[in-house]
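Heads up, data.txt below (compact mmCIF, C-alpha atoms and all ligand atoms):
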```
# COMPACT_ATOMS: atom_id res chain seq x y z
CA MET A 1 -16.03 -23.62 26.48
CA SER A 2 -12.45 -23.24 27.65
CA THR A 3 -10.68 -19.93 27.31
CA GLN A 4 -6.96 -20.15 26.76
CA ALA A 5 -4.69 -18.26 29.12
CA PRO A 6 -3.09 -15.25 27.46
CA ASP A 7 0.56 -15.47 26.43
CA LEU A 8 1.81 -12.08 27.55
CA ALA A 9 4.70 -10.05 26.21
CA LEU A 10 5.74 -6.67 27.54
CA PHE A 11 7.58 -4.26 25.25
CA VAL A 12 9.84 -2.15 27.47
CA ASN A 13 12.68 0.38 27.30
CA ALA A 14 11.40 2.33 24.31
CA ALA A 15 12.55 5.95 24.25
CA GLU A 16 9.19 6.77 22.70
CA VAL A 17 6.08 4.83 21.77
CA VAL A 18 4.22 6.24 18.77
CA THR A 19 0.68 5.07 19.58
CA CYS A 20 -1.46 6.94 17.01
CA GLU A 21 -4.18 6.22 19.57
CA GLY A 22 -7.57 7.71 18.87
CA PRO A 23 -10.75 7.05 16.95
CA ALA A 24 -10.76 4.00 14.67
CA ARG A 25 -11.09 6.03 11.47
CA ALA A 26 -9.01 8.21 9.20
CA ARG A 27 -7.61 11.38 10.78
CA ARG A 28 -8.25 14.69 9.06
CA GLY A 29 -6.96 18.25 9.31
CA ALA A 30 -5.32 19.10 12.63
CA GLU A 31 -6.00 15.58 13.92
CA MET A 32 -3.07 14.44 11.78
CA LEU A 33 -0.68 16.53 13.87
CA ASP A 34 -1.06 14.16 16.81
CA ALA A 35 0.72 10.82 16.46
CA GLY A 36 0.09 10.04 20.15
CA VAL A 37 3.80 9.95 21.04
CA ARG A 38 4.34 8.82 24.66
CA ARG A 39 7.41 8.40 26.84
CA GLY A 40 7.88 6.11 29.84
CA VAL A 41 5.25 3.67 28.63
CA ALA A 42 5.32 -0.03 27.83
CA VAL A 43 3.08 -2.05 25.53
CA LEU A 44 1.41 -5.22 26.86
CA VAL A 45 0.55 -7.73 24.15
CA ASP A 46 -1.42 -10.98 24.18
CA ARG A 47 0.46 -13.10 21.67
CA ARG A 48 -2.18 -15.79 21.62
CA ALA A 49 -4.92 -13.35 20.62
CA GLY A 50 -2.42 -11.29 18.62
CA THR A 51 -3.67 -8.04 20.11
CA VAL A 52 -2.53 -5.14 22.29
CA LEU A 53 -3.95 -5.39 25.82
CA GLU A 54 -2.68 -2.11 27.22
CA VAL A 55 -0.29 0.78 26.70
CA GLY A 56 0.61 2.27 30.05
CA PRO A 57 3.30 3.45 32.48
CA GLU A 58 6.17 0.99 32.29
CA ALA A 59 6.79 0.56 36.03
CA ALA A 60 3.14 -0.24 36.75
CA LEU A 61 2.85 -2.72 33.87
CA ARG A 62 6.08 -4.48 34.91
CA ALA A 63 4.82 -4.77 38.50
CA ALA A 64 1.39 -6.03 37.43
CA HIS A 65 2.72 -8.63 34.96
CA PRO A 66 5.92 -10.12 36.39
CA ALA A 67 5.45 -13.33 34.39
CA ALA A 68 5.18 -11.63 30.99
CA SER A 69 8.07 -12.26 28.63
CA VAL A 70 10.04 -9.10 28.04
CA GLU A 71 10.84 -7.56 24.65
CA ASP A 72 13.64 -5.04 25.17
CA CYS A 73 13.31 -2.07 22.81
CA ALA A 74 16.83 -0.91 23.79
CA GLY A 75 16.06 2.80 23.79
CA GLY A 76 14.57 2.81 20.28
CA VAL A 77 11.23 4.10 19.03
CA LEU A 78 8.33 1.66 18.92
CA ALA A 79 5.56 2.41 16.41
CA PRO A 80 2.56 0.67 14.89
CA GLY A 81 3.71 -1.52 12.01
CA LEU A 82 3.49 0.63 8.89
CA VAL A 83 0.49 0.09 6.63
CA ASP A 84 1.47 0.23 2.96
CA SER A 85 -1.87 0.58 1.19
CA HIS A 86 -0.62 0.67 -2.43
CA THR A 87 1.85 -1.76 -4.00
CA HIS A 88 2.24 -3.73 -7.22
CA ALA A 89 4.61 -6.23 -5.61
CA ILE A 90 4.02 -9.18 -7.96
CA PHE A 91 6.11 -8.80 -11.10
CA GLY A 92 8.97 -10.47 -12.92
CA ARG A 93 12.01 -8.60 -14.11
CA SER A 94 13.09 -5.06 -13.28
CA ARG A 95 12.60 -2.22 -15.78
CA HIS A 96 15.89 -0.36 -15.24
CA ASP A 97 16.17 0.23 -19.01
CA GLU A 98 13.23 2.64 -18.91
CA GLN A 99 14.86 4.74 -16.23
CA GLU A 100 17.59 5.73 -18.68
CA LEU A 101 15.09 6.32 -21.48
CA ARG A 102 13.25 8.79 -19.24
CA ALA A 103 16.51 10.47 -18.29
CA ALA A 104 17.09 10.94 -22.01
CA GLY A 105 13.73 12.67 -22.34
CA ALA A 106 11.13 9.94 -23.02
CA GLY A 107 7.79 10.27 -21.21
CA TYR A 108 6.21 7.52 -19.09
CA LEU A 109 3.15 7.13 -21.33
CA GLU A 110 5.27 7.53 -24.46
CA ILE A 111 7.30 4.47 -23.43
CA ALA A 112 4.02 2.61 -22.82
CA ARG A 113 2.69 3.61 -26.26
CA LYS A 114 5.72 1.93 -27.81
CA GLY A 115 4.91 -1.35 -26.05
CA GLY A 116 7.15 -0.80 -23.01
CA GLY A 117 6.07 0.22 -19.54
CA ILE A 118 3.28 -1.89 -18.08
CA HIS A 119 3.13 -3.92 -21.35
CA SER A 120 6.70 -5.05 -20.89
CA SER A 121 5.93 -6.30 -17.35
CA VAL A 122 2.82 -8.03 -18.75
CA ARG A 123 4.80 -9.90 -21.43
CA ASP A 124 7.26 -10.98 -18.77
CA LEU A 125 4.75 -12.05 -16.10
CA ARG A 126 2.69 -14.12 -18.52
CA GLU A 127 5.76 -16.30 -19.14
CA ARG A 128 6.35 -17.05 -15.48
CA SER A 129 4.98 -19.93 -13.45
CA GLU A 130 3.06 -19.48 -10.21
CA GLU A 131 6.07 -20.92 -8.38
CA GLU A 132 8.45 -18.39 -9.90
CA LEU A 133 6.16 -15.49 -9.06
CA PHE A 134 5.81 -16.82 -5.53
CA THR A 135 9.59 -16.97 -5.04
CA LEU A 136 10.16 -13.49 -6.46
CA GLY A 137 7.26 -12.07 -4.42
CA LEU A 138 8.51 -13.69 -1.23
CA SER A 139 11.94 -12.12 -1.37
CA ARG A 140 10.59 -8.71 -2.39
CA LEU A 141 7.94 -8.67 0.33
CA ARG A 142 10.51 -9.73 2.93
CA ARG A 143 12.58 -6.69 2.00
CA LEU A 144 9.50 -4.53 2.37
CA LEU A 145 8.71 -5.99 5.81
CA ALA A 146 12.32 -5.48 6.88
CA HIS A 147 11.75 -1.72 6.62
CA GLY A 148 8.90 -1.65 9.14
CA THR A 149 5.80 -2.48 7.10
CA THR A 150 3.45 -5.12 8.53
CA THR A 151 0.29 -4.69 6.41
CA VAL A 152 0.63 -4.57 2.63
CA GLU A 153 -1.92 -4.09 -0.08
CA VAL A 154 -0.81 -5.96 -3.22
CA LYS A 155 -2.37 -5.46 -6.64
CA SER A 156 -2.55 -7.76 -9.60
CA GLY A 157 -2.36 -6.01 -12.97
CA TYR A 158 0.66 -7.37 -14.84
CA GLY A 159 -1.29 -10.32 -16.24
CA LEU A 160 -4.24 -8.71 -18.03
CA SER A 161 -5.73 -12.08 -19.00
CA LEU A 162 -8.16 -14.16 -17.00
CA GLU A 163 -5.63 -16.88 -16.28
CA SER A 164 -2.64 -14.68 -15.46
CA GLU A 165 -4.64 -12.30 -13.26
CA LEU A 166 -6.05 -15.23 -11.25
CA ARG A 167 -2.52 -16.70 -11.03
CA THR A 168 -1.22 -13.42 -9.62
CA LEU A 169 -4.00 -13.19 -7.04
CA ARG A 170 -3.45 -16.80 -5.95
CA VAL A 171 0.23 -16.01 -5.46
CA ILE A 172 -0.73 -13.05 -3.25
CA ARG A 173 -2.93 -15.31 -1.13
CA ARG A 174 -0.15 -17.89 -0.73
CA LEU A 175 2.38 -15.18 0.15
CA GLY A 176 0.19 -13.84 2.95
CA GLU A 177 -0.04 -17.33 4.43
CA ALA A 178 3.69 -17.95 4.06
CA LEU A 179 4.78 -14.63 5.57
CA GLY A 180 2.24 -14.57 8.43
CA VAL A 181 1.42 -10.90 7.79
CA ARG A 182 -1.71 -9.31 6.46
CA LEU A 183 -1.62 -8.88 2.68
CA VAL A 184 -4.67 -7.17 1.21
CA PRO A 185 -5.31 -8.30 -2.38
CA THR A 186 -6.58 -5.91 -5.05
CA PHE A 187 -7.70 -6.86 -8.56
CA LEU A 188 -6.22 -4.42 -11.08
CA GLY A 189 -7.17 -6.11 -14.34
CA ALA A 190 -7.78 -2.57 -15.64
CA HIS A 191 -4.14 -1.54 -15.26
CA GLU A 192 -3.79 -1.12 -19.02
CA VAL A 193 -5.59 -2.24 -22.16
CA PRO A 194 -3.50 -5.24 -23.28
CA LEU A 195 -1.83 -4.93 -26.69
CA GLU A 196 -3.82 -7.82 -28.20
CA TYR A 197 -7.02 -5.78 -27.66
CA ARG A 198 -5.76 -2.80 -29.63
CA GLU A 199 -5.83 -4.38 -33.07
CA ALA A 200 -8.65 -5.86 -35.14
CA PRO A 201 -10.50 -8.07 -34.70
CA ARG A 202 -10.36 -7.35 -30.96
CA THR A 203 -11.15 -3.96 -29.42
CA ARG A 204 -10.71 -2.29 -26.08
CA GLU A 205 -14.44 -2.67 -25.64
CA ASP A 206 -13.92 -6.45 -25.85
CA TYR A 207 -11.38 -6.24 -23.04
CA ILE A 208 -13.68 -4.17 -20.84
CA ARG A 209 -16.39 -6.74 -21.45
CA LEU A 210 -13.95 -9.49 -20.47
CA LEU A 211 -13.15 -7.59 -17.26
CA VAL A 212 -16.79 -7.07 -16.36
CA GLU A 213 -18.31 -10.33 -17.55
CA GLU A 214 -15.60 -12.89 -16.88
CA MET A 215 -12.66 -11.67 -14.83
CA LEU A 216 -14.51 -9.89 -12.02
CA PRO A 217 -17.01 -12.74 -11.48
CA ALA A 218 -14.14 -15.26 -11.41
CA VAL A 219 -12.15 -13.18 -8.91
CA ALA A 220 -15.23 -12.81 -6.70
CA ARG A 221 -16.13 -16.50 -6.96
CA GLU A 222 -12.71 -17.54 -5.66
CA GLY A 223 -12.68 -14.76 -3.03
CA LEU A 224 -9.31 -13.65 -4.38
CA ALA A 225 -9.57 -9.86 -3.88
CA ARG A 226 -11.01 -7.35 -1.42
CA PHE A 227 -10.64 -4.35 -3.73
CA CYS A 228 -10.89 -3.54 -7.40
CA ASP A 229 -8.71 -0.75 -8.80
CA VAL A 230 -8.53 0.95 -12.23
CA PHE A 231 -5.75 3.09 -13.78
CA CYS A 232 -8.01 6.03 -14.66
CA GLU A 233 -5.82 8.38 -16.66
CA PRO A 234 -6.05 10.18 -20.01
CA GLY A 235 -4.50 7.69 -22.44
CA VAL A 236 -5.21 4.64 -20.26
CA TYR A 237 -8.82 4.20 -19.00
CA THR A 238 -11.33 7.02 -19.35
CA ALA A 239 -13.53 8.06 -16.44
CA GLY A 240 -16.52 6.44 -18.18
CA GLU A 241 -14.71 3.13 -18.62
CA SER A 242 -13.41 3.26 -15.05
CA ARG A 243 -16.93 3.80 -13.78
CA ARG A 244 -18.20 0.74 -15.65
CA VAL A 245 -15.49 -1.50 -14.26
CA LEU A 246 -15.86 -0.19 -10.71
CA GLU A 247 -19.64 -0.45 -10.71
CA ALA A 248 -19.36 -4.05 -11.89
CA ALA A 249 -16.80 -4.70 -9.13
CA ARG A 250 -19.10 -3.25 -6.52
CA ALA A 251 -21.91 -5.49 -7.74
CA GLN A 252 -19.54 -8.44 -7.14
CA GLY A 253 -19.01 -7.32 -3.54
CA LEU A 254 -15.56 -5.73 -3.96
CA ALA A 255 -14.62 -2.40 -2.40
CA LEU A 256 -13.14 0.23 -4.71
CA LYS A 257 -9.85 2.02 -5.29
CA LEU A 258 -8.75 4.24 -8.12
CA HIS A 259 -5.43 5.32 -9.65
CA ALA A 260 -6.62 8.88 -9.99
CA ASP A 261 -5.20 12.01 -11.64
CA GLU A 262 -1.63 10.69 -11.55
CA LEU A 263 -0.06 12.44 -14.53
CA GLU A 264 -2.87 14.52 -16.04
CA ASN A 265 -6.20 15.59 -14.65
CA GLY A 266 -9.18 13.57 -15.79
CA GLY A 267 -11.68 14.23 -13.02
CA ALA A 268 -10.81 10.86 -11.46
CA ALA A 269 -10.77 12.14 -7.87
CA GLN A 270 -14.38 13.29 -8.25
CA LEU A 271 -15.30 9.90 -9.69
CA ALA A 272 -13.69 8.10 -6.74
CA ALA A 273 -15.59 10.29 -4.28
CA GLU A 274 -18.86 9.87 -6.16
CA LEU A 275 -18.54 6.08 -6.22
CA GLY A 276 -17.65 5.96 -2.52
CA ALA A 277 -14.24 4.45 -3.25
CA THR A 278 -12.20 3.56 -0.18
CA SER A 279 -9.25 5.47 -1.61
CA ALA A 280 -8.17 7.63 -4.55
CA ASP A 281 -4.45 7.24 -5.16
CA HIS A 282 -1.65 9.40 -6.69
CA LEU A 283 -3.47 12.75 -7.23
CA ALA A 284 -0.42 14.74 -8.40
CA ALA A 285 -2.67 16.30 -11.06
CA ILE A 286 -5.82 16.70 -8.95
CA SER A 287 -7.94 19.83 -9.61
CA PRO A 288 -9.38 22.19 -6.97
CA GLU A 289 -12.77 20.53 -7.61
CA GLY A 290 -11.17 17.14 -6.99
CA ILE A 291 -9.73 18.34 -3.67
CA GLU A 292 -13.15 19.58 -2.63
CA ALA A 293 -14.84 16.34 -3.65
CA LEU A 294 -12.39 14.22 -1.63
CA ALA A 295 -12.64 16.55 1.37
CA ARG A 296 -16.41 16.11 1.42
CA SER A 297 -16.20 12.33 1.00
CA GLY A 298 -15.05 9.34 3.02
CA THR A 299 -12.50 8.50 0.31
CA VAL A 300 -8.90 8.53 1.56
CA ALA A 301 -6.42 10.53 -0.57
CA THR A 302 -3.42 8.21 -0.85
CA LEU A 303 -0.26 10.02 -1.92
CA LEU A 304 2.74 8.27 -3.46
CA PRO A 305 5.62 10.77 -3.51
CA GLY A 306 8.20 8.10 -4.42
CA THR A 307 6.56 7.73 -7.82
CA MET A 308 6.84 11.37 -8.82
CA LEU A 309 10.40 11.46 -7.51
CA PHE A 310 11.43 8.36 -9.49
CA LEU A 311 9.72 9.60 -12.66
CA GLY A 312 11.66 12.84 -12.30
CA ARG A 313 8.52 14.93 -12.21
CA SER A 314 8.63 18.07 -10.17
CA LYS A 315 4.91 18.27 -9.42
CA GLN A 316 3.86 16.38 -6.30
CA ALA A 317 0.31 15.94 -5.01
CA PRO A 318 -0.96 19.02 -3.12
CA ALA A 319 -0.87 17.42 0.31
CA ARG A 320 -1.17 20.67 2.26
CA ALA A 321 -4.23 21.76 0.30
CA LEU A 322 -5.81 18.34 0.75
CA ILE A 323 -5.24 18.40 4.51
CA ALA A 324 -6.33 22.04 4.82
CA GLY A 325 -9.47 21.21 2.86
CA GLY A 326 -10.26 18.39 5.29
CA ALA A 327 -9.39 15.32 3.21
CA ALA A 328 -7.90 12.23 4.88
CA VAL A 329 -4.35 11.80 3.56
CA ALA A 330 -2.42 8.52 3.54
CA LEU A 331 1.09 7.74 2.28
CA ALA A 332 2.10 4.57 0.45
CA SER A 333 5.10 3.23 -1.46
CA ASP A 334 3.53 2.29 -4.83
CA PHE A 335 6.26 -0.37 -4.94
CA ASN A 336 6.35 -1.45 -8.61
CA PRO A 337 8.97 -2.06 -11.32
CA GLY A 338 8.08 0.93 -13.50
CA THR A 339 7.60 4.00 -11.37
CA SER A 340 8.57 3.24 -7.78
CA PRO A 341 10.99 0.36 -7.31
CA THR A 342 11.48 0.97 -3.59
CA VAL A 343 10.66 -1.29 -0.65
CA ASN A 344 11.65 1.43 1.81
CA PHE A 345 8.49 2.88 3.37
CA PRO A 346 10.38 5.12 5.83
CA LEU A 347 11.96 6.73 2.73
CA ILE A 348 8.42 7.55 1.57
CA LEU A 349 7.90 9.26 4.95
CA THR A 350 11.05 11.28 4.22
CA LEU A 351 9.50 12.38 0.93
CA GLY A 352 6.23 13.06 2.74
CA VAL A 353 8.08 15.62 4.84
CA SER A 354 10.49 17.06 2.26
CA GLN A 355 8.29 16.96 -0.86
CA LEU A 356 4.74 17.08 0.50
CA ARG A 357 5.53 19.37 3.45
CA LEU A 358 4.04 17.13 6.10
CA SER A 359 5.25 17.21 9.68
CA ALA A 360 6.86 13.99 10.93
CA ALA A 361 3.72 13.29 12.99
CA GLU A 362 1.48 13.83 9.96
CA ALA A 363 3.66 11.49 7.91
CA LEU A 364 3.47 8.81 10.63
CA VAL A 365 -0.32 9.12 10.91
CA ALA A 366 -0.57 8.98 7.10
CA ALA A 367 1.47 5.75 7.06
CA THR A 368 -0.39 4.00 9.89
CA VAL A 369 -3.96 4.99 10.83
CA ASN A 370 -4.77 6.58 7.49
CA GLY A 371 -3.12 3.76 5.55
CA ALA A 372 -5.34 1.39 7.51
CA ALA A 373 -8.39 3.51 6.61
CA ALA A 374 -7.33 3.31 2.95
CA LEU A 375 -7.75 -0.47 3.32
CA ALA A 376 -10.96 -0.29 5.42
CA LEU A 377 -8.93 -1.70 8.32
CA ALA A 378 -8.90 1.32 10.66
CA ASP A 379 -10.68 -0.68 13.35
CA SER A 380 -7.93 -3.30 13.62
CA VAL A 381 -4.50 -1.99 12.55
CA GLY A 382 -2.57 1.30 12.52
CA GLN A 383 -2.65 2.05 16.25
CA LEU A 384 -0.89 0.77 19.36
CA ALA A 385 -3.98 0.81 21.54
CA THR A 386 -6.11 -1.68 23.46
CA GLY A 387 -7.82 -4.17 21.18
CA PHE A 388 -5.76 -3.39 18.07
CA ARG A 389 -3.69 -6.01 16.33
CA ALA A 390 -0.21 -6.25 17.85
CA ASP A 391 1.65 -5.19 14.71
CA LEU A 392 4.73 -3.28 15.81
CA ALA A 393 7.89 -1.86 14.28
CA LEU A 394 10.96 -0.97 16.33
CA PHE A 395 13.24 1.71 14.90
CA ASP A 396 16.82 2.29 15.96
CA VAL A 397 16.34 6.02 16.64
CA GLN A 398 15.63 8.01 19.80
CA ASP A 399 13.02 10.43 18.51
CA HIS A 400 10.10 9.62 16.19
CA ARG A 401 11.11 12.54 13.95
CA GLU A 402 14.25 10.61 13.07
CA ILE A 403 12.17 7.97 11.25
CA PRO A 404 11.76 10.27 8.21
CA TYR A 405 15.10 11.97 8.88
CA TRP A 406 17.76 9.31 8.14
CA TYR A 407 16.76 9.03 4.56
CA GLY A 408 17.51 5.90 2.66
CA ASP A 409 19.03 4.18 5.71
CA ASN A 410 17.05 1.28 7.12
CA ARG A 411 16.64 2.02 10.83
CA CYS A 412 13.99 -0.65 11.35
CA ALA A 413 15.44 -3.14 13.84
CA ARG A 414 12.54 -5.60 14.24
CA THR A 415 8.87 -6.06 13.39
CA TRP A 416 6.07 -8.09 14.94
CA SER A 417 2.81 -9.17 13.33
CA GLY A 418 0.03 -10.22 15.70
CA GLY A 419 2.60 -10.10 18.52
CA ARG A 420 4.98 -12.53 16.81
CA ARG A 421 8.37 -11.62 15.35
CA VAL A 422 8.25 -11.36 11.59
CA GLN A 423 10.79 -13.82 10.23
CA LEU A 424 12.73 -12.30 7.37
CA ALA A 425 14.53 -15.36 6.07
O1 LIG B 501 1.02 3.33 -9.74
N1 LIG B 501 0.09 4.10 -12.62
C1 LIG B 501 -0.09 2.90 -12.80
N2 LIG B 501 0.52 1.92 -12.15
C2 LIG B 501 1.77 2.06 -11.51
C3 LIG B 501 2.89 1.97 -12.47
C4 LIG B 501 2.96 0.63 -13.03
C5 LIG B 501 4.12 0.41 -13.94
O2 LIG B 501 4.64 1.32 -14.59
O3 LIG B 501 4.48 -0.77 -14.00
C6 LIG B 501 1.81 3.30 -10.66
O4 LIG B 501 2.61 4.22 -10.87
FE FE B 502 0.10 2.21 -8.53
```
Since I need it in another form, could you write the structure as structure tokens?
Ligand code: NIG
Ligand code: FE
Amino acid sequence: MSTQAPDLALFVNAAEVVTCEGPARARRGAEMLDAGVRRGVAVLVDRRAGTVLEVGPEAALRAAHPAASVEDCAGGVLAPGLVDSHTHAIFGRSRHDEQELRAAGAGYLEIARKGGGIHSSVRDLRERSEEELFTLGLSRLRRLLAHGTTTVEVKSGYGLSLESELRTLRVIRRLGEALGVRLVPTFLGAHEVPLEYREAPRTREDYIRLLVEEMLPAVAREGLARFCDVFCEPGVYTAGESRRVLEAARAQGLALKLHADELENGGAAQLAAELGATSADHLAAISPEGIEALARSGTVATLLPGTMLFLGRSKQAPARALIAGGAAVALASDFNPGTSPTVNFPLILTLGVSQLRLSAAEALVAATVNGAAALALADSVGQLATGFRADLALFDVQDHREIPYWYGDNRCARTWSGGRRVQLA
């Protein structure tokens, strides 16, 4: 057996390296205060293996590896590539019309009840070919990557039929291959109850049966998703229905996620904890019992402050209470056409600090290590440490606290996935 010689690259001249180095699991409580920020260090990467070999004093690494190719960080801040563990990046047209309706006083679920909201994205996606969805997804994901994200969870959920859900998931698989970054596919066939199942002769029960008996087995057979998610919310899927879908998903070998307690409390956080879901997401309306349940569980609490901001809702998830209680908190963009049309993950860090009252270090940990844990990937991404995947983001700032500070401005200069530059065009 021949072992190939490593192809070494040395990342030098960073003002700071945010390593997030530590145990390969979600960080909780005071652990989140430490983003492992180091000065005077370089990062040695094996491009062939796509992993980090060492993070250490720059002078020593330069002397030990004179043949390594040099990546000059030009006095910026080098961080693990951001891990965006919650997006709905595959959709057709924008939904800017609803933004004005909400400004004029309409509620999010009220718009949905009138056939807008998710239903409007469903009507639109069903009309589009796989090729069209691929092209739209490619340009949107490139924008996302250009802001420092290198691992992206992508949900289906704007098809809501067997054929259109499978088409969406196949597009996600092709996009991951085309972009050369890790996309984590999630089946969200239970994003809404499609309109055609709300009138006789069909019923919502028929749709749930379709999910459980046909869609989930087909998704599993083709290996198209790692996770199954459900929009568990009063007015969408009840906790009982969510449980049925998630238990069926688990039986098909999928790991679980849950849109939980986003707008109103429905005990969804407790359900996620009880089912051993990898993450419970949103949580703006979580109850004290829900906080306790997540704190006692291995389920990551994924907070999406961009969504509440865009919906114009003043109540954000209780991040401080979750952290104080001992829950693992992650941040994600929720990139989607209805409630969070942003590709700017550093902006979500801004909101993490200003709206959720996180420190900059907590926000960085929430967007790297804990995002990785929300995808069951904490052993391979989210840290710049020996053996981890060489996913890096270079920011044009001098102090890591400036990453959430310059809000709305894209300070990401370059990204690497598995040690290779991410090509954005
Ligand atoms: O996470 N809450 C459900 N899903 C998305 C919104 C989807 C949409 O409105 O298109 C969310 O906010
Ligand atoms: Fe979502």
Q.
Taking only C-alpha atoms and all ligand atoms into account, list the residues no farther than 7 Å from ligand LIG 501 (chain B), as JSON, numbers by chain.
A. {"A": [117, 118, 121, 191, 231, 259, 262, 307, 334, 336, 337, 338, 339, 340]}
Counting only C-alpha atoms and all ligand atoms, what are the residues, protein, DNA or RNA alike, that approach ligand FE 502 (chain B) to within 12 Å? I want them as a VMD selection string. chain A and resid 84 to 89 118 153 to 158 186 to 188 190 to 192 229 to 233 257 to 263 280 to 283 302 to 308 332 to 341
Rounded to one decimal, what separation in Å do you get between atom CA of A:Ser417 and atom CA of A:Ala60?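 Interatomic distance here is 25.1 Å.
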Among A:Leu311, A:Ala324, A:Val18, A:Ala68, A:Gly105 is approached most closely, using all atoms listed in the file, by A:Leu311
(message) Report as an MDAnalysis selection string all protein, DNA and RNA residues lying within 7 Å of stretch 375-390 of chain A, evaluated on only C-alpha atoms, omitting residues in the same chain fewer than 4 positions from it.
(response) chainID A and resid 19:21 24:25 45 50:55 80:81 83 85 278 368:369 371 417:419
Output for the residues just chosen: C-alpha atoms as a CSV table (one decimal), in the frame of the given file:
```
chain,number,residue,atom,x,y,z
A,19,THR,CA,0.7,5.1,19.6
A,20,CYS,CA,-1.5,6.9,17.0
A,21,GLU,CA,-4.2,6.2,19.6
A,24,ALA,CA,-10.8,4.0,14.7
A,25,ARG,CA,-11.1,6.0,11.5
A,45,VAL,CA,0.6,-7.7,24.2
A,50,GLY,CA,-2.4,-11.3,18.6
A,51,THR,CA,-3.7,-8.0,20.1
A,52,VAL,CA,-2.5,-5.1,22.3
A,53,LEU,CA,-4.0,-5.4,25.8
A,54,GLU,CA,-2.7,-2.1,27.2
A,55,VAL,CA,-0.3,0.8,26.7
A,80,PRO,CA,2.6,0.7,14.9
A,81,GLY,CA,3.7,-1.5,12.0
A,83,VAL,CA,0.5,0.1,6.6
A,85,SER,CA,-1.9,0.6,1.2
A,278,THR,CA,-12.2,3.6,-0.2
A,368,THR,CA,-0.4,4.0,9.9
A,369,VAL,CA,-4.0,5.0,10.8
A,371,GLY,CA,-3.1,3.8,5.6
A,417,SER,CA,2.8,-9.2,13.3
A,418,GLY,CA,0.0,-10.2,15.7
A,419,GLY,CA,2.6,-10.1,18.5
```
Quiz prompt | Separation of atom CA of A:Ala374 from atom CA of A:Ala220, in Å and rounded to one decimal | solution =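 Distance reported for this atom pair: 20.4 Å.
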Show which residues sit within 6 Å of stretch 198-215 of chain A, as a PyMOL selection string. Count all atoms listed in the file, and ignore same-chain residues fewer than 2 positions away. chain A and resi 162+195-196+217-218+248
Which polymer residues have any atom within 7 Å of an atom of stretch 127-130 of chain A, counting all atoms listed in the file, with same-chain residues fewer than 3 positions away left out, as a tab-separated table (two decimals) with C-alpha atoms, in the frame of the given file?
```
chain	number	residue	atom	x	y	z
A	123	ARG	CA	4.80	-9.90	-21.43
A	124	ASP	CA	7.26	-10.98	-18.77
A	133	LEU	CA	6.16	-15.49	-9.06
A	134	PHE	CA	5.81	-16.82	-5.53
A	167	ARG	CA	-2.52	-16.70	-11.03
A	171	VAL	CA	0.23	-16.01	-5.46
```
**Q.** Nearest residue to A:Glu16 from the set A:Val152, A:Asp391, A:Gly107, A:Val43 (distances using all atoms listed in the file)
**A.**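 Answer, going by the shortest atom-to-atom distance: A:Val43.
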Determine, counting only C-alpha atoms, which protein, DNA and RNA residues have an atom within 10 Å of an atom of A:Asp409; residues of the same chain fewer than 3 positions away are not included. Present the result as a count of residues only. 9
Rounded to one decimal place, report the atom CA of A:Val397-atom CA of A:Val77 distance in Å.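 If I compute the distance from atom CA of A:Val397 to atom CA of A:Val77, I get 6.0 Å.
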**Message:** Restricting the calculation to all atoms listed in the file: of A:Gly116, A:Pro23, A:Gly326, A:Gly180, which residue gets closest to A:Arg95?
**Reply:**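 Nearest to A:Arg95: A:Gly116.
The list of residues within 12 Å of (-2.1, 24.0, 4.3), counted using only C-alpha atoms, is Gly29, Ala30, Pro318, Ala319, Arg320, Ala321, Leu322, Ile323, Ala324, Gly325, Gly326, Ala327, Leu356, Arg357, Leu358 and Ser359 of chain A.
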Could you put an axis-aligned box around every listed atom of stretch 208-224 of chain A, padded by 6 Å on each side, and send me its centre and edge lengths in Å to one decimal, as JSON?
```
{"center_x": -13.8, "center_y": -10.9, "center_z": -12.2, "size_x": 21.0, "size_y": 25.4, "size_z": 30.4}
```
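With all atoms listed in the file as the basis for measurement, A:Val12 is the residue among A:Val12, A:Ala367, A:Val41, A:Leu331 that approaches A:Gly75 most closely.
Each of A:Ser120, A:Leu141, A:Glu292, A:Leu78 was compared to A:Gln423 using all atoms listed in the file, and A:Leu141 turns out to be the nearest.
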Can you work out which one of A:Leu309, A:Arg27, A:Thr415, A:Glu247 has the shortest atom-to-atom distance to A:Arg143, counting all atoms listed in the file?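 For A:Arg143, the nearest of the given residues is A:Thr415.
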inquiry  = Show me, as number ranges by chain, the residues that have an atom within 12 Å of A:Ser69 when counting all atoms listed in the file, minus same-chain residues fewer than 5 positions from it.
reply    = A: 6-12, 43-47, 62, 419
Can you write out the residues you just picked, keeping C-alpha atoms, as a short mmCIF file (atom, residue, chain, number, x, y, z; two decimals), keeping the file's coordinate frame?
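Result file part_34.cif:
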```cif
data_model
loop_
_atom_site.label_atom_id
_atom_site.label_comp_id
_atom_site.auth_asym_id
_atom_site.auth_seq_id
_atom_site.Cartn_x
_atom_site.Cartn_y
_atom_site.Cartn_z
CA PRO A 6 -3.09 -15.25 27.46
CA ASP A 7 0.56 -15.47 26.43
CA LEU A 8 1.81 -12.08 27.55
CA ALA A 9 4.70 -10.05 26.21
CA LEU A 10 5.74 -6.67 27.54
CA PHE A 11 7.58 -4.26 25.25
CA VAL A 12 9.84 -2.15 27.47
CA VAL A 43 3.08 -2.05 25.53
CA LEU A 44 1.41 -5.22 26.86
CA VAL A 45 0.55 -7.73 24.15
CA ASP A 46 -1.42 -10.98 24.18
CA ARG A 47 0.46 -13.10 21.67
CA ARG A 62 6.08 -4.48 34.91
CA GLY A 419 2.60 -10.10 18.52
#
```
